[in-house]
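Trainee: My questions all concern the structure below.
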Amino acid sequence: YASSLTQPKNVVVLLDRSGSMQTGSRMADARAAAHTVLSTLGPDDFVNVIAFSDELHAPEACFGAAQNTRSSCTPSRVDDPRRCFGRELVRATPQNIERLRAALDSLSASGGTDFIAPFRRAFDLLDANRGRKSAIVFLTDGQADSPEDVIERRIDTSDTSVFTFALGSGASNVEAELSAIGSAYGRHSSVADARVGSTSANRRSSGNELRTLMGSY
């Protein structure tokens with residue numbers, strides 16, 4: 001998808017950071033895979049990364065709404081942080097990508113899992129920046145209520161694709177749902193955990209597989 005597009009695109013990455021992501025190298029592998037997605041973007045693209053557990057976690061850095069530059073934000077200003085990374089897509093300039101990378105590197109795993117709220121936020125972000133092809137890249141290792149109803153109600157299939165990724169055995173119970181969503185709107189992939197006692201080379205292989213799959217959304 002990403003490599004075949006010649007026009008600018010919108011990309012929203014939805015990354016599970018619930019407590020189960022502490023298992024093995026899941027959180028590190030997820031962060032690395034999200035970094036790979038960011039590497040596919042150019043300065044004419046727009047992007048945001050939303051980490052989720054039973055709450056949503058947007059990057060905390062604040063940017064001016066028009067220029068995407070660092071600024072002092074207060075609720076009464078046009079560059080209110082709720083209109084920055086938390087509430088809109090930002091241009092994928094090198095500076096903004098570096099800020100997103102820093103936010104990814106700071107993520108840790110905790111909490112429960114909610115699929116519906118992150119998809120709602122993703123569509124809110126995309127609705128505010130229509131007029132170009134869009135992709136939602138969703139990664140989870142867990143189980144929650146299906147977001148399929150939200151996707152069906154809000155997706156514009158002519159403009160938006162959904163790519164779902166299941167990581168590890170914890171996602172096995174939602175594998176069929178995620179596969180159906182990916183098949184209907186984009187693509188689905190799953191990556192197994194490295195086995196307990198695996199060598200570092202095998203753990204790296206599992207992480208490399210996830211990076212390759214997510215980077216080729």
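Chain labels follow the order of the structure tokens: the first chain is A, the next B, and so on; residue numbering restarts at 1 in every chain, and ligands are counted from 1 in their shown order.
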From a DSSP pass on the backbone, collect the residues of segment 78-171 of chain A flagged as alpha helix (DSSP H) and hand them back as a tab-separated table (two decimals) with N, CA and C atoms, in the first residue's frame.
Mentor:
```tsv
chain	number	residue	atom	x	y	z
A	94	PRO	N	10.74	16.07	9.16
A	94	PRO	CA	11.77	15.41	9.98
A	94	PRO	C	11.67	15.76	11.46
A	95	GLN	N	11.36	17.03	11.75
A	95	GLN	CA	11.27	17.45	13.15
A	95	GLN	C	10.10	16.75	13.86
A	96	ASN	N	8.95	16.70	13.20
A	96	ASN	CA	7.80	16.05	13.83
A	96	ASN	C	8.00	14.54	13.96
A	97	ILE	N	8.63	13.94	12.97
A	97	ILE	CA	8.92	12.51	13.06
A	97	ILE	C	9.83	12.22	14.24
A	98	GLU	N	10.83	13.06	14.45
A	98	GLU	CA	11.72	12.85	15.59
A	98	GLU	C	10.97	12.98	16.91
A	99	ARG	N	10.02	13.90	16.98
A	99	ARG	CA	9.22	14.03	18.19
A	99	ARG	C	8.33	12.82	18.40
A	100	LEU	N	7.78	12.29	17.32
A	100	LEU	CA	6.99	11.07	17.43
A	100	LEU	C	7.87	9.89	17.86
A	101	ARG	N	9.06	9.83	17.32
A	101	ARG	CA	9.97	8.75	17.72
A	101	ARG	C	10.30	8.83	19.22
A	102	ALA	N	10.52	10.04	19.70
A	102	ALA	CA	10.80	10.20	21.13
A	102	ALA	C	9.61	9.76	21.97
A	103	ALA	N	8.40	10.09	21.50
A	103	ALA	CA	7.20	9.67	22.22
A	103	ALA	C	7.08	8.14	22.23
A	104	LEU	N	7.38	7.51	21.11
A	104	LEU	CA	7.35	6.05	21.05
A	104	LEU	C	8.34	5.44	22.03
A	105	ASP	N	9.53	5.99	22.07
A	105	ASP	CA	10.58	5.42	22.93
A	105	ASP	C	10.23	5.55	24.41
A	116	ILE	N	-12.14	0.06	20.88
A	116	ILE	CA	-13.12	0.96	20.27
A	116	ILE	C	-12.67	2.41	20.33
A	117	ALA	N	-12.21	2.87	21.49
A	117	ALA	CA	-11.79	4.27	21.63
A	117	ALA	C	-10.67	4.66	20.68
A	118	PRO	N	-9.63	3.84	20.50
A	118	PRO	CA	-8.59	4.24	19.55
A	118	PRO	C	-9.08	4.34	18.11
A	119	PHE	N	-9.98	3.46	17.70
A	119	PHE	CA	-10.50	3.58	16.34
A	119	PHE	C	-11.37	4.83	16.20
A	120	ARG	N	-12.14	5.15	17.21
A	120	ARG	CA	-12.90	6.40	17.14
A	120	ARG	C	-11.97	7.59	17.00
A	121	ARG	N	-10.89	7.61	17.80
A	121	ARG	CA	-9.94	8.72	17.69
A	121	ARG	C	-9.30	8.76	16.30
A	122	ALA	N	-8.96	7.59	15.76
A	122	ALA	CA	-8.35	7.55	14.43
A	122	ALA	C	-9.26	8.17	13.39
A	123	PHE	N	-10.54	7.82	13.42
A	123	PHE	CA	-11.47	8.38	12.44
A	123	PHE	C	-11.70	9.87	12.68
A	124	ASP	N	-11.68	10.31	13.94
A	124	ASP	CA	-11.78	11.75	14.20
A	124	ASP	C	-10.61	12.48	13.54
A	125	LEU	N	-9.41	11.93	13.69
A	125	LEU	CA	-8.23	12.56	13.09
A	125	LEU	C	-8.32	12.59	11.57
A	126	LEU	N	-8.76	11.49	10.98
A	126	LEU	CA	-8.84	11.41	9.52
A	126	LEU	C	-9.96	12.30	8.98
A	127	ASP	N	-11.08	12.38	9.69
A	127	ASP	CA	-12.19	13.21	9.23
A	127	ASP	C	-11.79	14.67	9.13
A	148	GLU	N	-15.37	-3.47	15.06
A	148	GLU	CA	-15.89	-3.60	13.70
A	148	GLU	C	-17.08	-2.69	13.42
A	149	ASP	N	-17.98	-2.53	14.40
A	149	ASP	CA	-19.14	-1.66	14.18
A	149	ASP	C	-18.71	-0.22	13.96
A	150	VAL	N	-17.74	0.25	14.73
A	150	VAL	CA	-17.22	1.61	14.55
A	150	VAL	C	-16.62	1.77	13.16
A	151	ILE	N	-15.85	0.79	12.74
A	151	ILE	CA	-15.21	0.86	11.43
A	151	ILE	C	-16.25	0.88	10.32
A	152	GLU	N	-17.24	0.00	10.42
A	152	GLU	CA	-18.27	-0.08	9.38
A	152	GLU	C	-19.04	1.23	9.26
A	153	ARG	N	-19.32	1.88	10.40
A	153	ARG	CA	-20.09	3.12	10.38
A	153	ARG	C	-19.29	4.29	9.83
A	154	ARG	N	-18.00	4.30	10.05
A	154	ARG	CA	-17.24	5.53	9.80
A	154	ARG	C	-16.26	5.46	8.64
```
Trainee: Leaving out segment 26-41 of chain A and any residue of its chain fewer than 3 positions from it, which residues lie within 9 Å of it when counting only C-alpha atoms, given as a VMD selection string?
Mentor: chain A and resid 2 to 3 8 to 9 11 13 15 to 17 20 to 23 44 to 47 49 92 to 93 97 100 to 101 104 to 105 107 to 109 137 139 to 141 167 to 168 193 204 206 to 208 210 to 217
Trainee: Measure the distance from atom CA of Asp156 of chain A to atom CA of Val12 of chain A in Å and round it to one decimal.
Mentor: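 Between these atoms lies a distance of 14.8 Å.
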